[in-house]
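First comes the structure, then the notes that go with it.
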Amino acid sequence: MAFTKENKFKPFKNKVWLATPTMHGDELAWMTDAFNKNWMSTLGENINEIERAIAAEVGCKYAVALASGTAALHLAVKLAGVERGDKVFCSDMTFSATVNPVVYEGGVPVFIDTERDTWNMDPVALEKAFCMYPDVKHAVVANLYGVPGKLDELRAVADRHGAVIVEDAAESLGATYNGKQTGSFGDIGVISFNGNKIITGSSGGMLLTDSIDEANKARKMSTQSRERAPWYQHEELGYNYRMSNVVAGVVRGQIPYLKEHIAEKRAVYERYKKGFEGLPVSMNPFDAKKSVPNYWLSCMIIDKNAMCKHVRGDRDACYVKESGKSCPTEILETLASYNAEGRPIWKPMHLQPFFRRNPFVTAEGNGRARTDAYIEGEGLDVGADIFDRGLCLPSDNKMTEAEQNTVIEIVRACFD
C-alpha cells in the first residue's frame, strides 16, 4: 500500500532506529565468566582474547583494548608524535572525535576536503595541502559510514611526503580495500566498539599497530604510565584508558557475528537502493572494484535539481515545500513523525563553530587554504554539498523488511 497524504501510515509502534546493538547471548556468558572468575578490572582472559582475535581479523600484529575509540585515537596521535603547534591534516567530513585528540595534544587540524566517490578525504586535496604546508608530517584519515576511502592513494601521497597516517577505522571494522582490512592501512589504526557500531562492547575501542614498542607504550600510557617498580612510580603523563575485562566480554561475544552483521547491513543498503529506483536520489557511494564496505549506515543524497529551498543555522533549519522536490530536513522530520530515526550527514569540521578559524584545503579553488564554506564562483565545497543534500537513513539490522518498505514509502512520499 502506497503512502499518500490521503492514506497515511500509522506511526511505527516500536521505534525504528538508526542503529542499535544486536546481541546474541554469548556476550552475557563471557561477562558472567569474568564475574565468576573475579576478573572485573582491566586485566583478564576476555581482554587477551579480543586483542588476539581483532589483530588476526584486521591483519595487524598487535591490538590494544582501550576504554573508547576516542581514547585509542588520543594515544595514536601521541604515538605518532604530534606536538603542540604541529599542523595535522584531518578528514573534514567526520565525527569530531576523529579530530579532537589532535587538539588534546595542542596540534592544529588542517581540514582536507572530501571526494565524491567515497565521501572520504580527497587524495588530490591532500597533495595540494602538502604543497601548501610542506612541513606537516601527520594525517588523520577516517573511513566514513563503513566505506573505505581511497586508501592506497592517500597512503601514496603521505609516503611521498614522509608523513605518518593515523587511520580512524572506528566505523569500518570488517570493511576491505583491495582485499586488505581497514585499520591496517595507517601507521597506527583505531576501531570503536561504541553502542551502535557494527559490533559493540557497549563502549570501548582498540589501537592497532605492527610495532611491539608502540603496543607496549600504549598499554603503559593507558594505565597511568606506571613504571615497573614495587611502588607507584610515574615518570611521564598517563591516562586511565584501559578497557574493562567485563566490557571485553561483550566484545568477545560479538566478534563471531561480525560477518553476519555486515551481511544484514548490506541487505538493508540493497533494499534501499532498489526501493529508491526512479527517485532523484542516490545511496552513499563506494568503489565496487576495490572496496567492500561494512555498510554500517545506509545514507542517501538528493539530486541537486530535486532539492527544495532550505536553510540551516547552527541549531535550526527550515525549508519551503515544493512539488517533486524535498530536502534532508523534510525527510528527517517526516520520518521522526512516524517514529523512525534518521540523522543528518556529519557536518564537516570546517563548518563547526569551534573549528571555523582552522585552515581548510580543497582540490579546487587553486588549492587555497580556506575558512569559509564557499569557493567564490564555484558554489559549495564537496563536504558542505554532501552535508547540504545528504542524510542517514534508519539502518538497524533488526529492522524488518516490512518496516523498511514503509520507510521507503515515507521517503518517496516526500517527493510528491
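Following the order of the C-alpha cells, first chain is A, next is B, and so on, with residues numbered from 1 inside each chain and ligands from 1 in the order they appear.
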
Excluding same-chain residues fewer than 3 positions from A:Val281, what lies within 9 Å of it counting only C-alpha atoms, as a list of chain:residue names?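 Here the answer would be A:Phe276, A:Glu277, A:Gly278, A:Met300, A:Ile301, A:Ile302, A:Asp303, A:Ala306.
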
Closest pair table for stretch 71-149 of chain A residues within 10 Å of stretch 292-299 of chain A, only C-alpha atoms, as a tab-separated table:
```
residue	atom	partner	partner_atom	distance
A:Asn143	CA	A:Pro293	CA	9.5
A:Leu144	CA	A:Leu297	CA	9.2
A:Tyr145	CA	A:Leu297	CA	5.4
A:Gly146	CA	A:Trp296	CA	5.1
A:Val147	CA	A:Pro293	CA	4.7
A:Pro148	CA	A:Pro293	CA	6.5
A:Gly149	CA	A:Pro293	CA	9.9
```

Quick one: residues within 12 Å of A:Asp135, only C-alpha atoms counted, chain neighbours fewer than 6 positions away excluded, as a PyMOL selection string? chain A and resi 85-89+129+161-163

Take the residues just selected and output them with all heavy atoms as a PDB file, in the first residue's frame.
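After the write, again32.pdb holds the following:
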```pdb
ATOM      1  N   GLY A  85      51.478  22.865  18.565  1.00  0.00           N
ATOM      2  CA  GLY A  85      51.764  23.751  17.449  1.00  0.00           C
ATOM      3  C   GLY A  85      51.868  23.048  16.109  1.00  0.00           C
ATOM      4  O   GLY A  85      51.879  23.721  15.057  1.00  0.00           O
ATOM      5  N   ASP A  86      51.946  21.709  16.099  1.00  0.00           N
ATOM      6  CA  ASP A  86      52.056  20.976  14.834  1.00  0.00           C
ATOM      7  C   ASP A  86      50.739  21.045  14.055  1.00  0.00           C
ATOM      8  O   ASP A  86      49.660  20.814  14.611  1.00  0.00           O
ATOM      9  CB  ASP A  86      52.372  19.497  15.082  1.00  0.00           C
ATOM     10  CG  ASP A  86      53.793  19.260  15.538  1.00  0.00           C
ATOM     11  OD1 ASP A  86      54.596  20.215  15.505  1.00  0.00           O
ATOM     12  OD2 ASP A  86      54.097  18.112  15.925  1.00  0.00           O
ATOM     13  N   LYS A  87      50.821  21.331  12.784  1.00  0.00           N
ATOM     14  CA  LYS A  87      49.655  21.196  11.913  1.00  0.00           C
ATOM     15  C   LYS A  87      49.477  19.727  11.552  1.00  0.00           C
ATOM     16  O   LYS A  87      50.458  19.015  11.297  1.00  0.00           O
ATOM     17  CB  LYS A  87      49.800  22.046  10.653  1.00  0.00           C
ATOM     18  CG  LYS A  87      49.684  23.557  10.895  1.00  0.00           C
ATOM     19  CD  LYS A  87      49.750  24.317   9.593  1.00  0.00           C
ATOM     20  CE  LYS A  87      49.430  25.794   9.793  1.00  0.00           C
ATOM     21  NZ  LYS A  87      50.438  26.466  10.632  1.00  0.00           N
ATOM     22  N   VAL A  88      48.223  19.281  11.529  1.00  0.00           N
ATOM     23  CA  VAL A  88      47.893  17.888  11.225  1.00  0.00           C
ATOM     24  C   VAL A  88      46.767  17.871  10.194  1.00  0.00           C
ATOM     25  O   VAL A  88      45.720  18.493  10.418  1.00  0.00           O
ATOM     26  CB  VAL A  88      47.456  17.118  12.490  1.00  0.00           C
ATOM     27  CG1 VAL A  88      47.084  15.677  12.137  1.00  0.00           C
ATOM     28  CG2 VAL A  88      48.554  17.147  13.552  1.00  0.00           C
ATOM     29  N   PHE A  89      46.965  17.184   9.079  1.00  0.00           N
ATOM     30  CA  PHE A  89      45.914  17.070   8.072  1.00  0.00           C
ATOM     31  C   PHE A  89      44.855  16.082   8.556  1.00  0.00           C
ATOM     32  O   PHE A  89      45.183  14.965   8.960  1.00  0.00           O
ATOM     33  CB  PHE A  89      46.497  16.608   6.739  1.00  0.00           C
ATOM     34  CG  PHE A  89      47.490  17.570   6.135  1.00  0.00           C
ATOM     35  CD1 PHE A  89      48.603  17.107   5.461  1.00  0.00           C
ATOM     36  CD2 PHE A  89      47.303  18.945   6.250  1.00  0.00           C
ATOM     37  CE1 PHE A  89      49.516  17.992   4.903  1.00  0.00           C
ATOM     38  CE2 PHE A  89      48.203  19.850   5.698  1.00  0.00           C
ATOM     39  CZ  PHE A  89      49.323  19.369   5.029  1.00  0.00           C
ATOM     40  N   ALA A 129      47.569  20.088  -0.101  1.00  0.00           N
ATOM     41  CA  ALA A 129      47.843  20.523   1.268  1.00  0.00           C
ATOM     42  C   ALA A 129      49.324  20.376   1.595  1.00  0.00           C
ATOM     43  O   ALA A 129      49.922  21.252   2.243  1.00  0.00           O
ATOM     44  CB  ALA A 129      46.997  19.721   2.247  1.00  0.00           C
ATOM     45  N   HIS A 161      55.593  12.294   1.039  1.00  0.00           N
ATOM     46  CA  HIS A 161      55.964  13.450   1.869  1.00  0.00           C
ATOM     47  C   HIS A 161      56.452  13.029   3.254  1.00  0.00           C
ATOM     48  O   HIS A 161      56.607  13.886   4.139  1.00  0.00           O
ATOM     49  CB  HIS A 161      54.764  14.386   1.973  1.00  0.00           C
ATOM     50  CG  HIS A 161      54.355  14.976   0.654  1.00  0.00           C
ATOM     51  ND1 HIS A 161      54.971  16.078   0.111  1.00  0.00           N
ATOM     52  CD2 HIS A 161      53.421  14.583  -0.251  1.00  0.00           C
ATOM     53  CE1 HIS A 161      54.415  16.357  -1.060  1.00  0.00           C
ATOM     54  NE2 HIS A 161      53.475  15.461  -1.306  1.00  0.00           N
ATOM     55  N   GLY A 162      56.696  11.748   3.451  1.00  0.00           N
ATOM     56  CA  GLY A 162      57.260  11.277   4.715  1.00  0.00           C
ATOM     57  C   GLY A 162      56.342  11.484   5.900  1.00  0.00           C
ATOM     58  O   GLY A 162      56.824  11.746   7.017  1.00  0.00           O
ATOM     59  N   ALA A 163      55.043  11.350   5.680  1.00  0.00           N
ATOM     60  CA  ALA A 163      54.072  11.621   6.750  1.00  0.00           C
ATOM     61  C   ALA A 163      53.520  10.328   7.346  1.00  0.00           C
ATOM     62  O   ALA A 163      53.390   9.307   6.671  1.00  0.00           O
ATOM     63  CB  ALA A 163      52.932  12.477   6.222  1.00  0.00           C
TER      64      ALA A 163
END
```

When you count only C-alpha atoms, which of these residues is closest to A:Ser96: A:Pro348, A:Gly179, A:Pro328, A:Gly383? A:Pro348

Excluding stretch 18-26 of chain A and its own-chain neighbours fewer than 3 positions away, which residues fall within 6 Å of it when counting only C-alpha atoms? Please give them as a PyMOL selection string. chain A and resi 29+195-196+253+341-342+394-396

Can you write out the residues you just picked, keeping N, CA and C atoms, as a PDB file, in the first residue's frame?
```
ATOM      1  N   ALA A  29      27.469 -14.591  28.517  1.00  0.00           N
ATOM      2  CA  ALA A  29      28.251 -15.727  29.006  1.00  0.00           C
ATOM      3  C   ALA A  29      29.678 -15.311  29.343  1.00  0.00           C
ATOM      4  N   GLY A 195      28.238   1.746  21.222  1.00  0.00           N
ATOM      5  CA  GLY A 195      26.989   1.011  21.264  1.00  0.00           C
ATOM      6  C   GLY A 195      26.325   0.751  19.935  1.00  0.00           C
ATOM      7  N   ASN A 196      26.521   1.624  18.935  1.00  0.00           N
ATOM      8  CA  ASN A 196      25.817   1.417  17.667  1.00  0.00           C
ATOM      9  C   ASN A 196      26.731   0.965  16.536  1.00  0.00           C
ATOM     10  N   GLY A 253      31.940 -11.769  22.842  1.00  0.00           N
ATOM     11  CA  GLY A 253      30.729 -12.427  22.382  1.00  0.00           C
ATOM     12  C   GLY A 253      30.229 -11.925  21.042  1.00  0.00           C
ATOM     13  N   GLU A 341      13.981   6.859  13.172  1.00  0.00           N
ATOM     14  CA  GLU A 341      15.132   7.732  13.419  1.00  0.00           C
ATOM     15  C   GLU A 341      16.069   7.770  12.216  1.00  0.00           C
ATOM     16  N   GLY A 342      16.324   8.972  11.721  1.00  0.00           N
ATOM     17  CA  GLY A 342      17.384   9.212  10.759  1.00  0.00           C
ATOM     18  C   GLY A 342      18.307  10.274  11.339  1.00  0.00           C
ATOM     19  N   PRO A 394      17.364   5.137   8.557  1.00  0.00           N
ATOM     20  CA  PRO A 394      17.317   4.062   9.552  1.00  0.00           C
ATOM     21  C   PRO A 394      18.044   2.837   9.003  1.00  0.00           C
ATOM     22  N   SER A 395      19.051   2.354   9.739  1.00  0.00           N
ATOM     23  CA  SER A 395      19.932   1.307   9.230  1.00  0.00           C
ATOM     24  C   SER A 395      20.085   0.142  10.190  1.00  0.00           C
ATOM     25  N   ASP A 396      19.166   0.026  11.125  1.00  0.00           N
ATOM     26  CA  ASP A 396      19.267  -1.033  12.118  1.00  0.00           C
ATOM     27  C   ASP A 396      19.082  -2.396  11.455  1.00  0.00           C
TER      28      ASP A 396
END
```

Nearest to A:Gln254 among A:Asn14, A:Tyr62, A:Met40, A:Ile199, with distances taken over only C-alpha atoms: which residue is it? A:Ile199

DSSP on the backbone: what in stretch 81-199 of chain A comes out alpha helix (DSSP H), as a ChimeraX atom specification? /A:100-104,123-132,151-160

So, with only C-alpha atoms as the atoms that count, which of A:Met121, A:Ser202, A:Ala80, A:Thr400 lies closest to A:Val250? A:Ser202

As a list in words, please: all residues of stretch 70-103 of chain A that backbone DSSP puts in strand (DSSP E or B). Lys87, Val88, Phe89, Cys90 and Ser91 of chain A

Residue selection dump (N, CA and C atoms) as an mmCIF file, in the first residue's frame:
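Output contents, as saved in part-v6.cif:
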```cif
data_model
loop_
_atom_site.group_PDB
_atom_site.id
_atom_site.type_symbol
_atom_site.label_atom_id
_atom_site.label_comp_id
_atom_site.auth_asym_id
_atom_site.auth_seq_id
_atom_site.Cartn_x
_atom_site.Cartn_y
_atom_site.Cartn_z
ATOM 1 N N LYS A 87 50.821 21.331 12.784
ATOM 2 C CA LYS A 87 49.655 21.196 11.913
ATOM 3 C C LYS A 87 49.477 19.727 11.552
ATOM 4 N N VAL A 88 48.223 19.281 11.529
ATOM 5 C CA VAL A 88 47.893 17.888 11.225
ATOM 6 C C VAL A 88 46.767 17.871 10.194
ATOM 7 N N PHE A 89 46.965 17.184 9.079
ATOM 8 C CA PHE A 89 45.914 17.070 8.072
ATOM 9 C C PHE A 89 44.855 16.082 8.556
ATOM 10 N N CYS A 90 43.580 16.492 8.506
ATOM 11 C CA CYS A 90 42.491 15.697 9.067
ATOM 12 C C CYS A 90 41.327 15.593 8.096
ATOM 13 N N SER A 91 40.668 14.440 8.092
ATOM 14 C CA SER A 91 39.410 14.310 7.358
ATOM 15 C C SER A 91 38.453 15.390 7.807
#
```

Nearest to A:Lys289: which of A:Arg356, A:Arg219, A:Lys150, A:Lys347 is it, counting only C-alpha atoms? A:Lys150

Measuring between only C-alpha atoms, which one of A:Gly238, A:Pro359, A:Gly183, A:Pro285 shows the shortest distance to A:Met132?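 For A:Met132, the nearest of the given residues is A:Pro359.
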
So what do you get for atom CA of A:Lys325 versus atom CA of A:Cys414, distance-wise?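 Between these atoms lies a distance of 7.5 Å.
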
Would you compute the distance between atom CA of A:Gly107 and atom CA of A:Arg84? Give it in Å to one decimal.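 Distance between the two atoms: 5.1 Å.
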
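Neighbours of A:Gly186 closer than or equal to 7 Å, with only C-alpha atoms counted and sequence neighbours fewer than 3 positions away skipped, come out as Ile165, Val166, Glu167, Gly183 and Gly189 of chain A.
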
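Atom CA of A:Thr209 sits 19.0 Å away from atom CA of A:Ser225.
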
Selection: 8 Å around stretch 43-57 of chain A, only C-alpha atoms, excl. self and same-chain fewer than 6 positions, as a PyMOL selection string: chain A and resi 30+34+63-65+174+181+208+243-246+248-249+251-252+255
